[in-house]
Amino acid sequence: MGEENIRQRKGGTNHGSDEQSVQSKEPKTMNLQQELGLISGTCIIVGTVIGSGIFISPKSVLANVGAVGPCLIIWAACGVLSTLGALCFAELGTMITKSGGEYPYLLEAFGPIPAYLFSWASLIVIKPSSFAIISLSFAEYTSAHFYPGCDPPVAVVKCLAAATIVTITTVNSLSVKLGSYVQNFFTAAKMVIVIIIIVSGIVLLAQGKTQNFKNSFDGAKVSVGSVSLAFYQGLWSQAVAVTFGDRVLYPASWVVPLFVAFSTIGAANGTCFTAGRLVYVAGREGHMLKVLSYISVKHLTPAPALIFYGAIAIIYIIPGDINTLINYFSFAVWIFYGFTVLGLIVMRFTRKELKRPIRVPIFIPVIVILIAVVLVLAPIITAPEWAYLYCVLFILSGLVFYFFFIHFQFEWARKISRPITMHLQMLLEVVPAEENPE
């Protein structure tokens, strides 16, 4: 069953209106279809930006610093740091107008190897661990309702999280339109619960219920390591919403975990949709196995990329818990945030000819870089864990793949990848995308 046979099967099974894309009204080609409208695109962005962090991070931030006062200060500092980082990326984004996240910025500033390591880390570490965290969050909120008064068994949570990943991956592999419908529904549910929490908080403050702010620094345990880990949790922004529901909305407390579950599964769906395309592009550019850039003949979705992404996420679920995975994810992502912002400073001297519609004061990227260095090194020094070592090893292992399969392109490496690609192609019924006529 070669590529031409599979293409012919595709051509013989679709007729009539099925041969037309939703927006272009032109015959479908063997490419990913542009089936997202304005509303669906907005819901994906909102659904991934407002993910599970706001519902799972407050408890962990408080646990790291031990008191309400430092906790609120860290939340405010996380907002300031995020704003400073956004200003730096605004300059980079308007200076280098290429897609691919940090990849083109690192490529222009430091060359192909750091850029490739970012791509590798995104595919192997950052994106799958994010998917795993959100799925575990959904599993914890969902299973907590069936185990009142105690924590749900770890095996139940992990099995439910794995089932969530499989379901979401399957939905996005079957249809872009179906995935967008799922995203629209759960994003709407997300906005409902966020509004409920905000309004309830304002009402409680208006009623004078501020006792938690009294002696808010008593019992604080502030150190460089604990503050760094608290920043990890805050910037990710345990079942704190369940406690909130019990205390504020009783007897309608069941509304909160239900809508939080909707919110987290919506974030997982949006993450799967976007990260699956990142894997697809990496395969197309030769940074991963070529089969990851193939698309489903029947459904015109990047099925191999989505399956690969879901499989890696499930692997992370098996040994990890939410807090460990957040620290693991944050450690990896801040390494590349720091290097990317450093690239902004480097290009001020090496790429002076580039136009900069937005130009931030130099002290802003310097502050972000210094904070990134602290966030990366402080947890290793004060509270070393094996997860940090594994993360570094996973990232550096990309060098092996880069030199063998991309830079030197050894023939023996091709002999290994060629049969793997062929058998996966036949198993999944996928083919390379057609050349874009544009």
# chains A, B, ... in the order shown; residues from 1 in each chain; ligands from 1
>>> residues_around(residues="Leu117 of chain A", least_positions_apart="2", cutoff="12 Å", atoms="only C-alpha atoms", output="ChimeraX atom specification")
/A:102-103,106-107,110-115,119-126,282,287-288,332-333,335-336,339,392-403
>>> residues_around(residues="Ala162 of chain A", least_positions_apart="4", cutoff="7 Å", atoms="only C-alpha atoms", output="count of residues only")
3
>>> closest_residue(among="A:Ile416, A:Val68, A:Ile45, A:Val154", to="Gly266 of chain A", atoms="only C-alpha atoms")
A:Ile45
>>> atom_distance(atom1="atom CA of Ile168 of chain A", atom2="atom CA of Asp151 of chain A")
25.1 Å
>>> closest_residue(among="A:Trp412, A:Phe131, A:Phe273, A:Tyr141", to="Leu178 of chain A", atoms="only C-alpha atoms")
A:Phe273
>>> residues_around(residues="Ser135 of chain A", least_positions_apart="2", cutoff="8 Å", atoms="only C-alpha atoms", output="VMD selection string")
chain A and resid 131 to 133 137 to 139 161 to 162 164 to 165 264 to 265 268
>>> atom_distance(atom1="atom CA of Leu72 of chain A", atom2="atom CA of Lys221 of chain A")
14.0 Å
>>> residues_around(residues="Glu91 of chain A", least_positions_apart="3", cutoff="12 Å", atoms="only C-alpha atoms", output="list in words")
Leu84, Gly85, Ala86, Leu87, Cys88, Thr94, Met95, Ile96, Thr97, Tyr105, Thr340, Val341, Gly343, Leu344, Ile345, Met347, Arg348, Leu354, Lys355, Arg356, Pro357, Ile358, Arg359, Val360, Pro361, Ile362, Ile364 and Pro365 of chain A
>>> select_by_dssp(residues="segment 131-235 of chain A", states="alpha helix (DSSP H)", output="number ranges by chain")
A: 131-144, 154-174, 176-206, 224-235
>>> atom_distance(atom1="atom CA of Leu389 of chain A", atom2="atom CA of Tyr328 of chain A")
9.6 Å
>>> residues_around(residues="Val157 of chain A", least_positions_apart="6", cutoff="8 Å", atoms="only C-alpha atoms", output="ChimeraX atom specification")
/A:136,139-140,143
>>> closest_residue(among="A:Ile315, A:Ala303, A:Phe262, A:Met191", to="Leu174 of chain A", atoms="only C-alpha atoms")
A:Ala303
>>> residues_around(residues="Gly179 of chain A", least_positions_apart="5", cutoff="10 Å", atoms="only C-alpha atoms", output="count of residues only")
16
